[in-house]
Amino acid sequence: MLDVSALLFWLLAAITIAAALAVVLLKNIVHSALYLVLTFAGVAGIYILLQAEFLAAVQLLIYAGAVAILIVFAVMLTRRGDIKASNLYNFNYLAAGVVSLALLVIIILGNGRMAWTAAPAPAPASNVAAIANAFLGRYAIPFEVAAVLLLVAMVGAILLARGGKPER
Amino acid sequence: MITLNHYLAVGGLLFCIGLFGALAKRNAIAVLMGIELMLNAVNINLVAFNHFLAPDQVTGQIFAIFVIVVAAAEVAVGLALVLNIYRRRLDSNIDDLDWLKW
Amino acid sequence: MINHAWLIPVFPALAFPIIIFLTRRVRPLSALVGIAAIGASFVMAVGVLREVLLNGVTMAHPVEYASTWLGIPGLLKIEAGVLIDPLAAVMLLVVTLVALLVEIYSVGYMHGDPGFSTFFGYLSLFSASMLGLVLANNYFMIFFFWELVGLCSYLLIGFYYHKQSAARAGLKAFVTNRVADFGFMLGFFFLFAIFGTFNFRELAAAIPSYQNTGFLALAAALVFIGPIGKSAQFPLHVWLPDAMEGPTPVSALIHAATMVAAGVYLLARAFVLFASLPGIMLLVAYVGGFTALFAATIAITQRDIKRILAYSTISQLGYMVMAMGIGSMTAGMFHLMTHAFFKALLFLGAGSVIHALEEQDIFRMGGLYKDMKVTVSTFVIAALALAGVPPLAGFWSKDEILAGAFDHGFTGLYIIGTLVAFLTAFYMFRLIFVAFFGDRRAGLHAHESPLTMTVPLVILAVLSVVSGFVGAPFVSHGFSSFVYYGEPHHIEPNYGVMLLSTIVALAGIGLAWLLYGRPSDVPARLAERYRSIYKLLVNKYYIDEVYLWLFHRVGLGLAEAFNWHDRHVVDGVFDGVGDVTRLSGHKLRLLQTGNLQTYALVIFTAVVIIALWMAAPVLGGVIQ
């Protein structure tokens with residue numbers, strides 16, 4: 001007896017995890033990039049399940065749109081040699097696997113033992129207005145700082161990507 | 001019934017996959033992808049905590065948006081760096097990048 | 001006056017920097033400053049002696065005042081203090097008087113020398129140090145000044161430092177004395193370890209009741225090494241003959257009259273320590289007696305006028321040490337005083353001759369009495385005093401030693417002493433007959449020295465005649481009731497001893513006259529006949545050669561061994577530590593790959609470990 005939201009959760013979780021695995025396991029970096037978009041989309045779906053529609057929109061616009069496109073651009077600009085073997089492991093992938101797996105085991109086991117008491121109050125239907133209020137009210141300064149950060153990052157990225165004269 | 005723990009499990013799984021990607025890949029762009037996965041995992045956790053523990057507030061979502069903003073900035077700068085490195089060394093593999101060494 | 005006695009060394013101590021830094025360019029002024037300073041000291045010394053005599057300051061009731069120089073309450077107290085008893089008062093007078101006369105004499109002797117001012121500066125520093133040594137009221141202070149006089153001696157022996165032999169002689173004196181000073185230092189550190197004080201009087205009060213004589217004997221023996229070096233006793237006498245490389249006034253002041261007597265003075269100061277240890281006393285007596293005989297036999301074959309006098313000095317110092325050893329501090333100090341006068345006179349006379357002739361070999365002199373009447377006549381007076389011809393000073397003091405040895409039952413030492421008296425008379429008059437009488441040697445133009453040199457000679461000659469009477473046995477309340485250890489004891493005139501020593505002295509003079517009074521080939525024939533003995537004596541028993549051999553074989557061998565040890569063991573350890581560090585660093589730096597991902601891996605490994613640790617309470621059920 002599964003209700004619809006539970007079914008949706010399992011489906012989205014499965015897509016997200018599978019796509020993420022594909023990102024790290026595939027040998028073609030273009031494929032990895034495409035599966036990354038899929039992962040971002042899956043996460044956006046999970047946000048909708050969590051009644052964070054605004055965040056889901058942001059996720060799709062920024063991640064699945066901007067970031068993924070940026071990555072694909074970078075892949076294209078730095079492409080060299082065989083694209084089919086463009087996303088290989090380095091020399092310590094085994095150790096990386098062990099560490100990641102160990103961390104996963106700890107997280108899963110720890111998570112299984114945590115019992116959270118859910119808040120009794122039901123969530124409001126839409127919280128876009130609340131987010132807007134928070135941004136322009138309580139979090140106004142961080143909001144502005146984030147804007148400055150984006151500006152700095154943009155200038156920095158342009159400078160770096162344009163490249164000066166090679167030092168040598 | 002889907003509980004908070006389910007969402008946290010998804011976040012943890014995603015985080016570890018991203019970690020593996022960040023640690024085990026040669027290509028700098030793939031490393032950045034791994035980092036993005038880890039950040040998304042964190043965001044899932046933030047939003048899930050927000051939804052289940054304090055639904056009358058939006059703090060978790062605000063936090064997640066900041067993470068996204070910083071991640072976007074990071075990706076932009078990171079990719080610019082990758083381009084720069086690639087231009088100098090004609091390679092975006094980083095396992096022979098050992099400039100941090102003595 | 002006695003309360004200001006501390007000023008006595010201060011005058012010359014001030015003269016030293018004044019001469020070195022201010023008046024160096026103006027030579028007469030330098031001499032004036034030096035002489036004025038020591039003159040002021042002399043006047044004060046006379047005043048101190050007068051007060052000591054009039055105010056009833058005795059050996060048992062001295063005047064002492066001190067202030068703490070260095071102190072850690074309850075642990076260490078080093079005083080800067082003054083101890084004045086008749087012993088110190090007599091020494092003060094002798095030192096200041098001889099120093100004053102020598103400085104006056106030096107004005108003539110050093111005339112025209114480029115180091116004229118420096119010379120007076122050093123002499124002033126020496127006088128200050130010697131007077132400080134005499135006044136010291138504790139071992140630490142006496143050692144301090146003891147080292148200072150050693151330094152001055154070194155500076156003055158090497159005064160003609162451009163001459164290699166002089167520089168080497170200075171070094172030899174310094175090194176030899178260091179060996180001895182080390183013994184002395186250990187000795188009084190031992191005393192401090194036992195009694196917790198450096199002060200003479202506190203030690204004098206504590207020593208008689210101390211039971212562990214073995215430990216005390218070790219301390220005393222170590223302290224005695226100091227006088228062995230400073231007073232040139234066998235086997236550390238080797239530096240004194242070489243010290244004659246210094247200017248002759250220095251030989252007179254430092255290496256005949258005062259500094260070398262410091263060892264004897266130390267024995268007198270530390271007498272309570274030795275008096276409680278009969279074994280050590282015997283050692284002291286026999287070291288002194290042996291040195292006296294040993295040096296006298298060398299003196300009879302030497303040709304250099306200053307070397308003859310140097311061996312004579314060693315021999316006479318042996319007498320003094322012997323006197324200390326047989327328990328007669330009075331006799332030792334008495335002889336020290338008279339010897340200071342006539343030996344200073346002998347050296348100054350020799351200096352006068354050297355000044356006139358630029359020659360030191362007595363066999364190239366001759367007939368000097370015609371040209372240098374004052375020098376020769378005063379020299380003969382001093383030689384008679386040294387030989388022990390009555391009624392000159394040396395007779396009374398030497399006689400007191402011999403009588404002391406005889407009375408205390410040291411027959412062997414008495415015989416040695418008498419033999420030495422004979423040899424002394426012989427070698428002194430050998431010198432006189434060869435150098436001053438007979439025919440003039442060709443090419444020598446002797447002339448009498450200037451008044452600044454002859455006046456001190458005359459004054460010392462007078463003292464050589466009269467200074468003996470203060471201690472003559474028929475004088476009541478003389479020297480023996482003034483400077484003594486324990487109770488004053490008046491030695492009854494021993495006419496037998498007196499007669500014998502007079503006969504012996506005259507016999508020595510007579511033998512010298514027979515062999516050297518007229519031109520003859522007897523000495524040469526004797527030397528030929530007893531060739532091996534003669535060579536042994538001329539070469540000073542090969543002591544220097546033995547030391548050289550020891551140094552080369554043992555010293556250098558040891559140095560070689562230590563060098564090897566240092567290079568291979570000590571350096572090996574430190575090099576090994578360095579190598580291990582460098583090697584491990586070399587290996588460990590490979591951990592720093594410089595690869596970001598490796599670093600990230602390490603970071604996350606740590607994260608896993610920390611997470612495990614922090615999650616342990618939650619995971620407890622799973623892990624266990």
# chains A, B, ... in the order shown; residues from 1 in each chain; ligands from 1
>>> interface_residues(of="chain C", to="chain B", cutoff="8 Å", atoms="only C-alpha atoms", output="PDB file with N, CA, C and O atoms, in the first residue's frame")
ATOM      1  N   GLN C 592      54.424  14.387   1.286  1.00  0.00           N
ATOM      2  CA  GLN C 592      53.889  15.634   0.753  1.00  0.00           C
ATOM      3  C   GLN C 592      53.925  15.539  -0.772  1.00  0.00           C
ATOM      4  O   GLN C 592      54.855  15.984  -1.418  1.00  0.00           O
ATOM      5  N   THR C 593      52.852  14.935  -1.319  1.00  0.00           N
ATOM      6  CA  THR C 593      52.869  14.733  -2.764  1.00  0.00           C
ATOM      7  C   THR C 593      52.626  16.017  -3.511  1.00  0.00           C
ATOM      8  O   THR C 593      52.958  16.131  -4.675  1.00  0.00           O
ATOM      9  N   GLY C 594      51.977  16.979  -2.825  1.00  0.00           N
ATOM     10  CA  GLY C 594      51.620  18.189  -3.536  1.00  0.00           C
ATOM     11  C   GLY C 594      50.337  18.013  -4.331  1.00  0.00           C
ATOM     12  O   GLY C 594      49.871  18.927  -4.990  1.00  0.00           O
ATOM     13  N   ASN C 595      49.766  16.817  -4.263  1.00  0.00           N
ATOM     14  CA  ASN C 595      48.546  16.542  -5.018  1.00  0.00           C
ATOM     15  C   ASN C 595      47.338  16.827  -4.141  1.00  0.00           C
ATOM     16  O   ASN C 595      47.166  16.246  -3.078  1.00  0.00           O
ATOM     17  N   LEU C 596      46.488  17.719  -4.635  1.00  0.00           N
ATOM     18  CA  LEU C 596      45.341  18.148  -3.859  1.00  0.00           C
ATOM     19  C   LEU C 596      44.444  17.002  -3.452  1.00  0.00           C
ATOM     20  O   LEU C 596      43.973  16.930  -2.334  1.00  0.00           O
ATOM     21  N   GLN C 597      44.243  16.094  -4.380  1.00  0.00           N
ATOM     22  CA  GLN C 597      43.309  15.007  -4.090  1.00  0.00           C
ATOM     23  C   GLN C 597      43.831  14.094  -2.999  1.00  0.00           C
ATOM     24  O   GLN C 597      43.074  13.580  -2.191  1.00  0.00           O
ATOM     25  N   THR C 598      45.146  13.905  -3.013  1.00  0.00           N
ATOM     26  CA  THR C 598      45.718  13.096  -1.943  1.00  0.00           C
ATOM     27  C   THR C 598      45.482  13.765  -0.600  1.00  0.00           C
ATOM     28  O   THR C 598      45.110  13.112   0.386  1.00  0.00           O
ATOM     29  N   ALA C 600      43.074  15.813   0.081  1.00  0.00           N
ATOM     30  CA  ALA C 600      41.645  15.698   0.389  1.00  0.00           C
ATOM     31  C   ALA C 600      41.332  14.308   0.926  1.00  0.00           C
ATOM     32  O   ALA C 600      40.558  14.144   1.876  1.00  0.00           O
ATOM     33  N   LEU C 601      41.982  13.308   0.335  1.00  0.00           N
ATOM     34  CA  LEU C 601      41.771  11.942   0.798  1.00  0.00           C
ATOM     35  C   LEU C 601      42.170  11.802   2.252  1.00  0.00           C
ATOM     36  O   LEU C 601      41.437  11.217   3.064  1.00  0.00           O
TER      37      LEU C 601
END
>>> interface_residues(of="chain A", to="chain C", cutoff="9 Å", atoms="only C-alpha atoms", output="MDAnalysis selection string")
chainID A and resid 92 95:96 99:100 102:103 106:107 109:110 113:114
>>> write_last_selection(atoms="N, CA, C and O atoms", output="PDB file, in the first residue's frame")
ATOM      1  N   ASN A  92      44.665   6.927  -6.755  1.00  0.00           N
ATOM      2  CA  ASN A  92      44.232   6.463  -5.432  1.00  0.00           C
ATOM      3  C   ASN A  92      42.715   6.294  -5.354  1.00  0.00           C
ATOM      4  O   ASN A  92      42.104   6.575  -4.351  1.00  0.00           O
ATOM      5  N   ALA A  95      41.578   3.776  -2.489  1.00  0.00           N
ATOM      6  CA  ALA A  95      41.532   4.378  -1.158  1.00  0.00           C
ATOM      7  C   ALA A  95      40.340   5.315  -1.069  1.00  0.00           C
ATOM      8  O   ALA A  95      39.607   5.327  -0.064  1.00  0.00           O
ATOM      9  N   ALA A  96      40.095   6.070  -2.157  1.00  0.00           N
ATOM     10  CA  ALA A  96      38.965   6.988  -2.163  1.00  0.00           C
ATOM     11  C   ALA A  96      37.662   6.212  -1.992  1.00  0.00           C
ATOM     12  O   ALA A  96      36.775   6.613  -1.228  1.00  0.00           O
ATOM     13  N   VAL A  99      37.326   5.064   1.668  1.00  0.00           N
ATOM     14  CA  VAL A  99      36.970   6.159   2.569  1.00  0.00           C
ATOM     15  C   VAL A  99      35.513   6.543   2.367  1.00  0.00           C
ATOM     16  O   VAL A  99      34.746   6.704   3.328  1.00  0.00           O
ATOM     17  N   SER A 100      35.110   6.665   1.109  1.00  0.00           N
ATOM     18  CA  SER A 100      33.728   7.069   0.835  1.00  0.00           C
ATOM     19  C   SER A 100      32.738   6.037   1.379  1.00  0.00           C
ATOM     20  O   SER A 100      31.736   6.398   2.006  1.00  0.00           O
ATOM     21  N   ALA A 102      33.232   3.892   3.781  1.00  0.00           N
ATOM     22  CA  ALA A 102      33.240   3.914   5.246  1.00  0.00           C
ATOM     23  C   ALA A 102      32.368   5.051   5.744  1.00  0.00           C
ATOM     24  O   ALA A 102      31.558   4.876   6.669  1.00  0.00           O
ATOM     25  N   LEU A 103      32.519   6.221   5.103  1.00  0.00           N
ATOM     26  CA  LEU A 103      31.702   7.359   5.524  1.00  0.00           C
ATOM     27  C   LEU A 103      30.220   7.054   5.310  1.00  0.00           C
ATOM     28  O   LEU A 103      29.381   7.359   6.170  1.00  0.00           O
ATOM     29  N   ILE A 106      28.880   4.793   8.007  1.00  0.00           N
ATOM     30  CA  ILE A 106      28.665   5.526   9.256  1.00  0.00           C
ATOM     31  C   ILE A 106      27.391   6.361   9.162  1.00  0.00           C
ATOM     32  O   ILE A 106      26.558   6.361  10.074  1.00  0.00           O
ATOM     33  N   ILE A 107      27.237   7.050   8.010  1.00  0.00           N
ATOM     34  CA  ILE A 107      26.068   7.926   7.865  1.00  0.00           C
ATOM     35  C   ILE A 107      24.782   7.116   7.918  1.00  0.00           C
ATOM     36  O   ILE A 107      23.834   7.441   8.649  1.00  0.00           O
ATOM     37  N   LEU A 109      24.213   4.074   9.079  1.00  0.00           N
ATOM     38  CA  LEU A 109      23.957   3.465  10.380  1.00  0.00           C
ATOM     39  C   LEU A 109      23.525   4.505  11.391  1.00  0.00           C
ATOM     40  O   LEU A 109      22.544   4.310  12.136  1.00  0.00           O
ATOM     41  N   GLY A 110      24.248   5.639  11.377  1.00  0.00           N
ATOM     42  CA  GLY A 110      23.904   6.695  12.314  1.00  0.00           C
ATOM     43  C   GLY A 110      22.496   7.206  12.034  1.00  0.00           C
ATOM     44  O   GLY A 110      21.688   7.405  12.953  1.00  0.00           O
ATOM     45  N   ARG A 113      19.716   5.171  13.355  1.00  0.00           N
ATOM     46  CA  ARG A 113      19.507   5.173  14.801  1.00  0.00           C
ATOM     47  C   ARG A 113      18.882   6.475  15.294  1.00  0.00           C
ATOM     48  O   ARG A 113      18.558   6.573  16.467  1.00  0.00           O
ATOM     49  N   MET A 114      18.814   7.485  14.407  1.00  0.00           N
ATOM     50  CA  MET A 114      18.281   8.753  14.878  1.00  0.00           C
ATOM     51  C   MET A 114      16.761   8.758  14.765  1.00  0.00           C
ATOM     52  O   MET A 114      16.202   8.450  13.712  1.00  0.00           O
TER      53      MET A 114
END
>>> residues_around(residues="Leu253 (chain C)", least_positions_apart="6", cutoff="7 Å", atoms="only C-alpha atoms", output="list of chain:residue names")
C:Val98, C:Ala99, C:Val102, C:Ala344
>>> write_last_selection(atoms="N, CA and C atoms", output="compact mmCIF listing (two decimals), in the first residue's frame")
# COMPACT_ATOMS: atom_id res chain seq x y z
N VAL C 98 110.59 47.28 47.99
CA VAL C 98 111.31 46.75 46.83
C VAL C 98 110.70 47.30 45.54
N ALA C 99 109.37 47.36 45.49
CA ALA C 99 108.73 47.86 44.28
C ALA C 99 109.11 49.31 44.02
N VAL C 102 112.69 49.42 42.83
CA VAL C 102 112.81 48.89 41.47
C VAL C 102 112.24 49.88 40.46
N ALA C 344 116.94 41.16 45.36
CA ALA C 344 116.61 42.30 44.52
C ALA C 344 117.88 43.07 44.18
>>> closest_residue(among="A:Val72, A:Ala115, A:Leu60, A:Leu11", to="Leu34 (chain A)", atoms="only C-alpha atoms")
A:Val72
>>> atom_distance(atom1="CA of Pro450 (chain C)", atom2="CA of Phe342 (chain C)")
20.3 Å
>>> closest_residue(among="B:Ala71, B:Val82, B:Arg89, B:Gly11", to="Ala30 (chain B)", atoms="only C-alpha atoms")
B:Val82
>>> residues_around(residues="Ala22 (chain A)", least_positions_apart="3", cutoff="9 Å", atoms="only C-alpha atoms", output="PyMOL selection string")
chain A and resi 17-19+25-26+31-32+35-36
>>> write_last_selection(atoms="N, CA, C and O atoms", output="PDB file, in the first residue's frame")
ATOM      1  N   ILE A  17      20.049   8.929  -7.340  1.00  0.00           N
ATOM      2  CA  ILE A  17      21.204   8.122  -6.958  1.00  0.00           C
ATOM      3  C   ILE A  17      21.815   7.457  -8.184  1.00  0.00           C
ATOM      4  O   ILE A  17      23.046   7.479  -8.383  1.00  0.00           O
ATOM      5  N   ALA A  18      20.959   6.902  -9.027  1.00  0.00           N
ATOM      6  CA  ALA A  18      21.480   6.207 -10.213  1.00  0.00           C
ATOM      7  C   ALA A  18      22.225   7.178 -11.105  1.00  0.00           C
ATOM      8  O   ALA A  18      23.334   6.897 -11.588  1.00  0.00           O
ATOM      9  N   ALA A  19      21.629   8.397 -11.293  1.00  0.00           N
ATOM     10  CA  ALA A  19      22.296   9.382 -12.141  1.00  0.00           C
ATOM     11  C   ALA A  19      23.626   9.818 -11.531  1.00  0.00           C
ATOM     12  O   ALA A  19      24.627   9.971 -12.225  1.00  0.00           O
ATOM     13  N   LEU A  25      30.857   7.160 -12.340  1.00  0.00           N
ATOM     14  CA  LEU A  25      31.378   5.897 -12.851  1.00  0.00           C
ATOM     15  C   LEU A  25      31.660   5.898 -14.350  1.00  0.00           C
ATOM     16  O   LEU A  25      32.497   5.144 -14.828  1.00  0.00           O
ATOM     17  N   LEU A  26      30.974   6.732 -15.098  1.00  0.00           N
ATOM     18  CA  LEU A  26      31.158   6.708 -16.546  1.00  0.00           C
ATOM     19  C   LEU A  26      32.523   7.251 -16.945  1.00  0.00           C
ATOM     20  O   LEU A  26      33.103   8.077 -16.251  1.00  0.00           O
ATOM     21  N   HIS A  31      29.122  12.332 -21.052  1.00  0.00           N
ATOM     22  CA  HIS A  31      28.033  11.566 -20.459  1.00  0.00           C
ATOM     23  C   HIS A  31      27.866  11.921 -19.006  1.00  0.00           C
ATOM     24  O   HIS A  31      26.768  12.104 -18.496  1.00  0.00           O
ATOM     25  N   SER A  32      29.012  12.024 -18.333  1.00  0.00           N
ATOM     26  CA  SER A  32      28.962  12.398 -16.919  1.00  0.00           C
ATOM     27  C   SER A  32      28.228  13.711 -16.763  1.00  0.00           C
ATOM     28  O   SER A  32      27.367  13.857 -15.871  1.00  0.00           O
ATOM     29  N   TYR A  35      24.515  13.221 -17.179  1.00  0.00           N
ATOM     30  CA  TYR A  35      23.890  12.580 -16.012  1.00  0.00           C
ATOM     31  C   TYR A  35      23.874  13.522 -14.827  1.00  0.00           C
ATOM     32  O   TYR A  35      23.005  13.441 -13.958  1.00  0.00           O
ATOM     33  N   LEU A  36      24.818  14.454 -14.784  1.00  0.00           N
ATOM     34  CA  LEU A  36      24.824  15.439 -13.710  1.00  0.00           C
ATOM     35  C   LEU A  36      23.553  16.292 -13.796  1.00  0.00           C
ATOM     36  O   LEU A  36      22.905  16.560 -12.777  1.00  0.00           O
TER      37      LEU A  36
END
>>> residues_around(residues="Ala74 (chain A)", least_positions_apart="2", cutoff="9 Å", atoms="only C-alpha atoms", output="number ranges by chain")
A: 69-72, 76-79; B: 29, 79-80, 82-83
>>> atom_distance(atom1="CA of Leu46 (chain B)", atom2="CA of Thr59 (chain B)")
8.8 Å
>>> atom_distance(atom1="CA of Glu79 (chain C)", atom2="CA of Glu147 (chain C)")
17.0 Å
>>> residues_around(residues="Met1 (chain B)", least_positions_apart="3", cutoff="10 Å", atoms="only C-alpha atoms", output="PyMOL selection string")
(chain A and resi 2-3+5-6) or (chain B and resi 4+6)
>>> write_last_selection(atoms="N, CA and C atoms", output="compact mmCIF listing (two decimals), in the first residue's frame")
# COMPACT_ATOMS: atom_id res chain seq x y z
N LEU A 2 1.22 1.67 -1.10
CA LEU A 2 2.03 2.88 -1.20
C LEU A 2 1.17 4.04 -1.62
N ASP A 3 1.34 5.14 -0.92
CA ASP A 3 0.64 6.32 -1.41
C ASP A 3 1.48 7.02 -2.47
N SER A 5 2.84 10.02 -2.88
CA SER A 5 4.05 10.78 -2.56
C SER A 5 5.21 9.83 -2.22
N ALA A 6 4.88 8.72 -1.55
CA ALA A 6 5.94 7.76 -1.24
C ALA A 6 6.50 7.15 -2.51
N LEU B 4 11.86 11.73 7.71
CA LEU B 4 13.08 12.53 7.55
C LEU B 4 14.28 11.64 7.26
N HIS B 6 14.58 8.95 5.65
CA HIS B 6 14.71 8.56 4.24
C HIS B 6 15.44 9.63 3.46
>>> residues_around(residues="Ala147 (chain A)", least_positions_apart="4", cutoff="12 Å", atoms="only C-alpha atoms", output="ChimeraX atom specification")
/A:135,140-143,151-154 /B:66,69-70,72-73
>>> closest_residue(among="A:Val4, A:Ile15, A:Leu88, A:Ile48", to="chain B", atoms="only C-alpha atoms")
A:Leu88
